[in-house]
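Participant: The structure is given below, and queries will be raised subsequently.
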Amino acid sequence: MNTPEQHQDIVAAVLAFIAQDGCSDDGFDALALRLFAYQYANDEPFRRFSQRRGMTPRNVKRWSELPAVPIDAFKELSLRCQPPSAADRVFMTSGTTRSEVKGRHHHPTLAIYDSSMTRNFGRRFMQGSSKLPMAILFPTETVMPNSSLAHYLALAVSQFGTAQSRYFVGPQGLDSAGLCEMLAQAEHSGAPCAVLGATYSFVHLMDELRQRGTCFRLPPGSRVLDTGGYKGQSRALPLDAFYAQLSATLGINRSECINMYGMTELSTQFYDGGNAMVPSVKSGPHWIRSRIVDPLGGCDVPAGERGILVHCDLANFNSVTTILTEDVGVAVDGGFLLLGRAEGAQAKGCSLAVEEFIRVATA
């Protein structure tokens, strides 16, 4: 049985691991295996799936051997170690239609998620800056309490934004006039700023500014963060065209246009080092590692070949650490290239993995 003491010990161990400056392979394996034993003991659907795969705390020896749960399992089953509580923070996937079943990720505490976000964001996006005025192109956390991105952006503002930071997306849509005023002030003052939001919000912004015949030259040190893709909320642009237009519209180098790759089912985000060239290399902090696999067999693909991304996120203490995504990638020096969504045989392999998990976990 999962006791309060066990829960507290796990949380303390993960927080201490995140607070380190790095880790060895053995150190990563040690915490990954400890979390596997904890989740195996307390997450029944995950335990059944692991047993069916012949993977138990007795015979799994490395993080790369952990059973990968298909991401759509979060839509079908409750994956958690702690029993449900009214105090839980539940992040839900956005979905593309009102009728689509949404995945749920339960957080009995946000201490680990928040530590993961702020430590990683400070190093990868802030790049040594203490605080910046932030323009947020996404609704507030109050409006979208079940959105992991809304919480992520609220943390960015509260921990790294100045008092001049503002949200520019509300019930009426994008406040382009207010945003233009803030960007013009930054341009004239020479003080750098940051603009953060969903990728599709930037498309709306660029379209609006093009219609106005307006563009900006933001001061050196300014930067942009986009995330999440288009999700049917705007016209879709090829990566190169998107970043070329974004750079021209805001007057910053493409190397300062940062993309964040994350998902509701994870507690850690990946970043690139800018998008001077696309696709850019994504990488994460020391508490998350990735593999590229064949979704049908779960085996690593040969070096240099495309496969489906599997992420082992040690900040995912309450659900499952290791997730089979539906994203295609290829391993490169320093991280991986994100190449889009699975299609054809790869998509079928992901679907079959979901069917297997549900069949086994509910048997």
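By convention here, the chains of the structure tokens are called A, B, ... in the order presented, each chain's residues are numbered starting at 1, and ligands are numbered starting at 1 in the order presented.
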Extract, using only C-alpha atoms, all DNA, RNA and protein residues at most 12 Å from Asp26 of chain A, discarding same-chain residues fewer than 5 positions from it, and format them as a count of residues only.
Facilitator: 6
Participant: Pull the helix (DSSP H, G or I) assignments for segment 19-156 of chain A out of DSSP run on the backbone, and list those residues as a PyMOL selection string.
Facilitator: chain A and resi 19+25-42+44-52+63-65+73-76+111-124+148-156
Participant: Please save C-alpha atoms of the selected residues as a compact mmCIF listing (two decimals), in the first residue's frame.
Facilitator:
# COMPACT_ATOMS: atom_id res chain seq x y z
CA ALA A 19 18.15 20.18 -8.05
CA ASP A 25 24.03 7.02 -16.16
CA ASP A 26 24.02 4.97 -12.96
CA GLY A 27 22.34 7.80 -11.07
CA PHE A 28 19.60 8.12 -13.67
CA ASP A 29 19.04 4.36 -13.68
CA ALA A 30 18.85 4.23 -9.89
CA LEU A 31 16.03 6.77 -9.63
CA ALA A 32 14.25 5.40 -12.73
CA LEU A 33 14.19 1.92 -11.19
CA ARG A 34 13.05 3.26 -7.83
CA LEU A 35 10.15 5.04 -9.53
CA PHE A 36 9.36 1.91 -11.55
CA ALA A 37 9.06 -0.13 -8.36
CA TYR A 38 6.85 2.56 -6.80
CA GLN A 39 4.57 2.78 -9.85
CA TYR A 40 4.50 -0.99 -10.30
CA ALA A 41 3.29 -1.37 -6.71
CA ASN A 42 0.69 1.40 -6.77
CA GLU A 44 -2.64 -1.27 -11.11
CA PRO A 45 -3.18 -0.83 -14.89
CA PHE A 46 0.53 -0.18 -15.29
CA ARG A 47 1.43 -3.23 -13.17
CA ARG A 48 -0.75 -5.52 -15.30
CA PHE A 49 0.80 -4.16 -18.48
CA SER A 50 4.33 -4.58 -17.11
CA GLN A 51 3.63 -8.15 -16.00
CA ARG A 52 2.27 -9.03 -19.43
CA TRP A 63 15.82 2.94 -17.69
CA SER A 64 15.83 1.90 -21.36
CA GLU A 65 14.24 -1.45 -20.41
CA ALA A 73 -3.71 5.29 -22.55
CA PHE A 74 -4.10 8.51 -20.55
CA LYS A 75 -7.44 8.97 -22.36
CA GLU A 76 -8.74 5.52 -21.51
CA ALA A 111 6.07 20.85 -6.47
CA ILE A 112 7.87 18.53 -8.90
CA TYR A 113 6.24 19.88 -12.06
CA ASP A 114 7.04 23.44 -10.99
CA SER A 115 10.63 22.62 -10.09
CA SER A 116 11.12 20.82 -13.41
CA MET A 117 9.69 23.74 -15.39
CA THR A 118 11.47 26.59 -13.63
CA ARG A 119 14.91 24.99 -13.46
CA ASN A 120 14.81 23.99 -17.13
CA PHE A 121 13.18 27.22 -18.38
CA GLY A 122 15.65 29.40 -16.53
CA ARG A 123 18.60 27.71 -18.18
CA ARG A 124 17.25 27.11 -21.67
CA SER A 148 -0.66 22.41 -18.49
CA LEU A 149 0.45 25.14 -20.93
CA ALA A 150 -1.55 27.80 -19.05
CA HIS A 151 0.17 26.73 -15.83
CA TYR A 152 3.57 26.63 -17.55
CA LEU A 153 3.13 30.19 -18.81
CA ALA A 154 1.85 31.38 -15.43
CA LEU A 155 5.08 30.01 -13.89
CA ALA A 156 7.12 31.81 -16.55
Participant: So that I can see what lies close to Leu266 of chain A, please list as an MDAnalysis selection string the residues with an atom at most 12 Å from it, counting only C-alpha atoms and leaving out residues fewer than 2 positions away in the same chain.
Facilitator: chainID A and resid 69 71 74 91:93 103:107 112:113 116:117 148:149 261:264 268:270 284 287:289 310:325
Participant: Report the residues of segment 18-254 of chain A whose backbone DSSP state falls under strand (DSSP E), written as a VMD selection string.
Facilitator: chain A and resid 69 to 70 89 to 92 104 to 107 134 to 137 166 to 167 169 to 170 173 to 174 194 to 198 223 to 227
Participant: Would you kindly return, as a list in words, each protein, DNA or RNA residue with an atom no farther than 9 Å from any atom of Leu137 of chain A, considering only C-alpha atoms and excluding same-chain residues fewer than 3 positions away?
Facilitator: Tyr167, Phe168, Val169, Leu174, Val195, Leu196, Gly197, Ala198, Ser201, Phe202 and Leu205 of chain A
Participant: Give me the residues near Asp272 of chain A as a PDB file with N, CA and C atoms, in the first residue's frame, where near means some atom within 8 Å (using only C-alpha atoms) and where sequence neighbours in that chain fewer than 2 positions away do not count.
Facilitator:
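Contents of the output file part-v5.pdb:
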ATOM      1  N   ILE A 258      12.718  30.386 -30.037  1.00  0.00           N
ATOM      2  CA  ILE A 258      12.866  29.091 -29.361  1.00  0.00           C
ATOM      3  C   ILE A 258      11.552  28.331 -29.440  1.00  0.00           C
ATOM      4  N   ASN A 259      11.639  27.050 -29.752  1.00  0.00           N
ATOM      5  CA  ASN A 259      10.455  26.193 -29.716  1.00  0.00           C
ATOM      6  C   ASN A 259      10.534  25.261 -28.522  1.00  0.00           C
ATOM      7  N   MET A 260       9.428  25.190 -27.787  1.00  0.00           N
ATOM      8  CA  MET A 260       9.329  24.245 -26.674  1.00  0.00           C
ATOM      9  C   MET A 260       8.470  23.067 -27.108  1.00  0.00           C
ATOM     10  N   PHE A 270      11.109  19.921 -23.515  1.00  0.00           N
ATOM     11  CA  PHE A 270      12.316  19.956 -24.342  1.00  0.00           C
ATOM     12  C   PHE A 270      12.387  21.323 -25.031  1.00  0.00           C
ATOM     13  N   GLY A 274      17.122  27.601 -30.745  1.00  0.00           N
ATOM     14  CA  GLY A 274      16.748  28.546 -31.782  1.00  0.00           C
ATOM     15  C   GLY A 274      16.482  27.831 -33.093  1.00  0.00           C
ATOM     16  N   ASN A 275      15.945  28.569 -34.060  1.00  0.00           N
ATOM     17  CA  ASN A 275      15.522  27.956 -35.314  1.00  0.00           C
ATOM     18  C   ASN A 275      16.132  28.635 -36.528  1.00  0.00           C
ATOM     19  N   SER A 280      15.045  21.840 -35.869  1.00  0.00           N
ATOM     20  CA  SER A 280      16.067  22.135 -34.870  1.00  0.00           C
ATOM     21  C   SER A 280      16.265  20.926 -33.958  1.00  0.00           C
ATOM     22  N   VAL A 281      17.406  20.898 -33.288  1.00  0.00           N
ATOM     23  CA  VAL A 281      17.716  19.811 -32.361  1.00  0.00           C
ATOM     24  C   VAL A 281      17.054  20.096 -31.017  1.00  0.00           C
ATOM     25  N   LYS A 282      16.220  19.167 -30.558  1.00  0.00           N
ATOM     26  CA  LYS A 282      15.558  19.281 -29.263  1.00  0.00           C
ATOM     27  C   LYS A 282      16.340  18.473 -28.223  1.00  0.00           C
ATOM     28  N   SER A 283      16.368  18.996 -27.023  1.00  0.00           N
ATOM     29  CA  SER A 283      17.015  18.258 -25.930  1.00  0.00           C
ATOM     30  C   SER A 283      16.378  18.660 -24.609  1.00  0.00           C
TER      31      SER A 283
END
Participant: Quick one: residues within 10 Å of segment 129-134 of chain A, only C-alpha atoms, excluding same-chain residues fewer than 4 positions away - as a list of chain:residue names?
Facilitator: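 The contact residues come out as A:Gly122, A:Arg123, A:Phe125, A:Leu153, A:Ala156, A:Val157, A:Ser158, A:Gln159, A:Phe160, A:Gly161, A:Thr162, A:Ala163, A:Gln164, A:Ser165, A:Arg166, A:Tyr167, A:Met182, A:Ala186, A:Ala191, A:Pro192, A:Cys193, A:Ala194, A:Val195, A:Leu196, A:Gly221, A:Ser222, A:Arg223, A:Val224.
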Participant: With N, CA and C atoms kept, could you save the residues just selected as a PDB file, in the first residue's frame?
Facilitator:
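The result, written out as out22.pdb:
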ATOM      1  N   GLY A 122      14.655  28.391 -16.862  1.00  0.00           N
ATOM      2  CA  GLY A 122      15.647  29.399 -16.530  1.00  0.00           C
ATOM      3  C   GLY A 122      16.940  29.220 -17.299  1.00  0.00           C
ATOM      4  N   ARG A 123      17.332  27.977 -17.476  1.00  0.00           N
ATOM      5  CA  ARG A 123      18.596  27.712 -18.183  1.00  0.00           C
ATOM      6  C   ARG A 123      18.449  27.796 -19.693  1.00  0.00           C
ATOM      7  N   PHE A 125      15.630  28.938 -21.739  1.00  0.00           N
ATOM      8  CA  PHE A 125      14.985  30.080 -22.400  1.00  0.00           C
ATOM      9  C   PHE A 125      15.527  31.417 -21.900  1.00  0.00           C
ATOM     10  N   LEU A 153       2.940  28.778 -18.514  1.00  0.00           N
ATOM     11  CA  LEU A 153       3.135  30.193 -18.814  1.00  0.00           C
ATOM     12  C   LEU A 153       2.936  31.061 -17.573  1.00  0.00           C
ATOM     13  N   ALA A 156       6.155  30.952 -15.866  1.00  0.00           N
ATOM     14  CA  ALA A 156       7.124  31.806 -16.550  1.00  0.00           C
ATOM     15  C   ALA A 156       6.973  33.257 -16.111  1.00  0.00           C
ATOM     16  N   VAL A 157       5.725  33.728 -16.056  1.00  0.00           N
ATOM     17  CA  VAL A 157       5.473  35.118 -15.666  1.00  0.00           C
ATOM     18  C   VAL A 157       5.819  35.351 -14.206  1.00  0.00           C
ATOM     19  N   SER A 158       5.363  34.451 -13.327  1.00  0.00           N
ATOM     20  CA  SER A 158       5.561  34.682 -11.890  1.00  0.00           C
ATOM     21  C   SER A 158       7.025  34.566 -11.477  1.00  0.00           C
ATOM     22  N   GLN A 159       7.783  33.685 -12.136  1.00  0.00           N
ATOM     23  CA  GLN A 159       9.170  33.450 -11.733  1.00  0.00           C
ATOM     24  C   GLN A 159      10.184  34.259 -12.532  1.00  0.00           C
ATOM     25  N   PHE A 160       9.845  34.603 -13.787  1.00  0.00           N
ATOM     26  CA  PHE A 160      10.841  35.223 -14.664  1.00  0.00           C
ATOM     27  C   PHE A 160      10.358  36.507 -15.335  1.00  0.00           C
ATOM     28  N   GLY A 161       9.097  36.874 -15.133  1.00  0.00           N
ATOM     29  CA  GLY A 161       8.563  38.069 -15.770  1.00  0.00           C
ATOM     30  C   GLY A 161       8.618  39.281 -14.855  1.00  0.00           C
ATOM     31  N   THR A 162       8.781  40.457 -15.437  1.00  0.00           N
ATOM     32  CA  THR A 162       8.730  41.699 -14.665  1.00  0.00           C
ATOM     33  C   THR A 162       7.273  42.096 -14.431  1.00  0.00           C
ATOM     34  N   ALA A 163       7.098  43.170 -13.693  1.00  0.00           N
ATOM     35  CA  ALA A 163       5.749  43.669 -13.398  1.00  0.00           C
ATOM     36  C   ALA A 163       5.042  44.166 -14.655  1.00  0.00           C
ATOM     37  N   GLN A 164       5.783  44.425 -15.714  1.00  0.00           N
ATOM     38  CA  GLN A 164       5.178  44.899 -16.962  1.00  0.00           C
ATOM     39  C   GLN A 164       4.612  43.755 -17.819  1.00  0.00           C
ATOM     40  N   SER A 165       4.774  42.524 -17.371  1.00  0.00           N
ATOM     41  CA  SER A 165       4.287  41.371 -18.139  1.00  0.00           C
ATOM     42  C   SER A 165       2.764  41.390 -18.216  1.00  0.00           C
ATOM     43  N   ARG A 166       2.235  40.950 -19.366  1.00  0.00           N
ATOM     44  CA  ARG A 166       0.783  40.984 -19.572  1.00  0.00           C
ATOM     45  C   ARG A 166       0.337  39.829 -20.449  1.00  0.00           C
ATOM     46  N   TYR A 167      -0.927  39.436 -20.264  1.00  0.00           N
ATOM     47  CA  TYR A 167      -1.580  38.468 -21.145  1.00  0.00           C
ATOM     48  C   TYR A 167      -2.338  39.243 -22.231  1.00  0.00           C
ATOM     49  N   MET A 182       2.731  47.396 -26.366  1.00  0.00           N
ATOM     50  CA  MET A 182       3.822  46.899 -25.534  1.00  0.00           C
ATOM     51  C   MET A 182       5.086  46.686 -26.364  1.00  0.00           C
ATOM     52  N   ALA A 186       8.805  48.566 -26.058  1.00  0.00           N
ATOM     53  CA  ALA A 186      10.084  47.862 -25.950  1.00  0.00           C
ATOM     54  C   ALA A 186      11.042  48.328 -27.041  1.00  0.00           C
ATOM     55  N   ALA A 191      14.863  48.209 -24.235  1.00  0.00           N
ATOM     56  CA  ALA A 191      14.898  47.160 -23.220  1.00  0.00           C
ATOM     57  C   ALA A 191      14.329  45.872 -23.803  1.00  0.00           C
ATOM     58  N   PRO A 192      15.040  44.751 -23.722  1.00  0.00           N
ATOM     59  CA  PRO A 192      14.555  43.504 -24.323  1.00  0.00           C
ATOM     60  C   PRO A 192      13.286  43.004 -23.646  1.00  0.00           C
ATOM     61  N   CYS A 193      12.526  42.226 -24.397  1.00  0.00           N
ATOM     62  CA  CYS A 193      11.309  41.610 -23.870  1.00  0.00           C
ATOM     63  C   CYS A 193      11.189  40.208 -24.435  1.00  0.00           C
ATOM     64  N   ALA A 194      10.203  39.470 -23.946  1.00  0.00           N
ATOM     65  CA  ALA A 194       9.954  38.108 -24.426  1.00  0.00           C
ATOM     66  C   ALA A 194       8.487  37.988 -24.809  1.00  0.00           C
ATOM     67  N   VAL A 195       8.234  37.245 -25.881  1.00  0.00           N
ATOM     68  CA  VAL A 195       6.869  36.959 -26.318  1.00  0.00           C
ATOM     69  C   VAL A 195       6.707  35.447 -26.325  1.00  0.00           C
ATOM     70  N   LEU A 196       5.725  34.941 -25.566  1.00  0.00           N
ATOM     71  CA  LEU A 196       5.542  33.508 -25.401  1.00  0.00           C
ATOM     72  C   LEU A 196       4.095  33.135 -25.686  1.00  0.00           C
ATOM     73  N   GLY A 221      18.595  40.864 -27.178  1.00  0.00           N
ATOM     74  CA  GLY A 221      18.260  40.177 -25.945  1.00  0.00           C
ATOM     75  C   GLY A 221      16.813  39.751 -25.879  1.00  0.00           C
ATOM     76  N   SER A 222      15.983  40.265 -26.794  1.00  0.00           N
ATOM     77  CA  SER A 222      14.583  39.825 -26.865  1.00  0.00           C
ATOM     78  C   SER A 222      14.524  38.425 -27.434  1.00  0.00           C
ATOM     79  N   ARG A 223      13.495  37.695 -27.071  1.00  0.00           N
ATOM     80  CA  ARG A 223      13.340  36.347 -27.604  1.00  0.00           C
ATOM     81  C   ARG A 223      11.884  35.935 -27.603  1.00  0.00           C
ATOM     82  N   VAL A 224      11.634  34.859 -28.354  1.00  0.00           N
ATOM     83  CA  VAL A 224      10.273  34.354 -28.570  1.00  0.00           C
ATOM     84  C   VAL A 224      10.248  32.883 -28.211  1.00  0.00           C
TER      85      VAL A 224
END
Participant: Using only C-alpha atoms, which of A:Leu352, A:Arg210, A:Arg254, A:Tyr230 sits nearest Gly298 of chain A?
Facilitator: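 For Gly298 of chain A, the nearest of the candidates is A:Leu352.
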Participant: Here is a test: counting only C-alpha atoms, which residue of A:Leu239, A:Ala248, A:Val11, A:Ala342 is nearest to Leu309 of chain A?
Facilitator: A:Ala342
Participant: Write out as a PyMOL selection string the residues lying within 12 Å of Pro84 of chain A, counting only C-alpha atoms and excluding same-chain residues fewer than 3 positions away.
Facilitator: chain A and resi 78-81+87-90+105-109+318
Participant: Could you check how far atom CA of Pro295 of chain A sits from atom CA of Cys350 of chain A, in Å to one decimal?
Facilitator: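 Computed distance, atom CA of Pro295 of chain A to atom CA of Cys350 of chain A, equals 5.6 Å.
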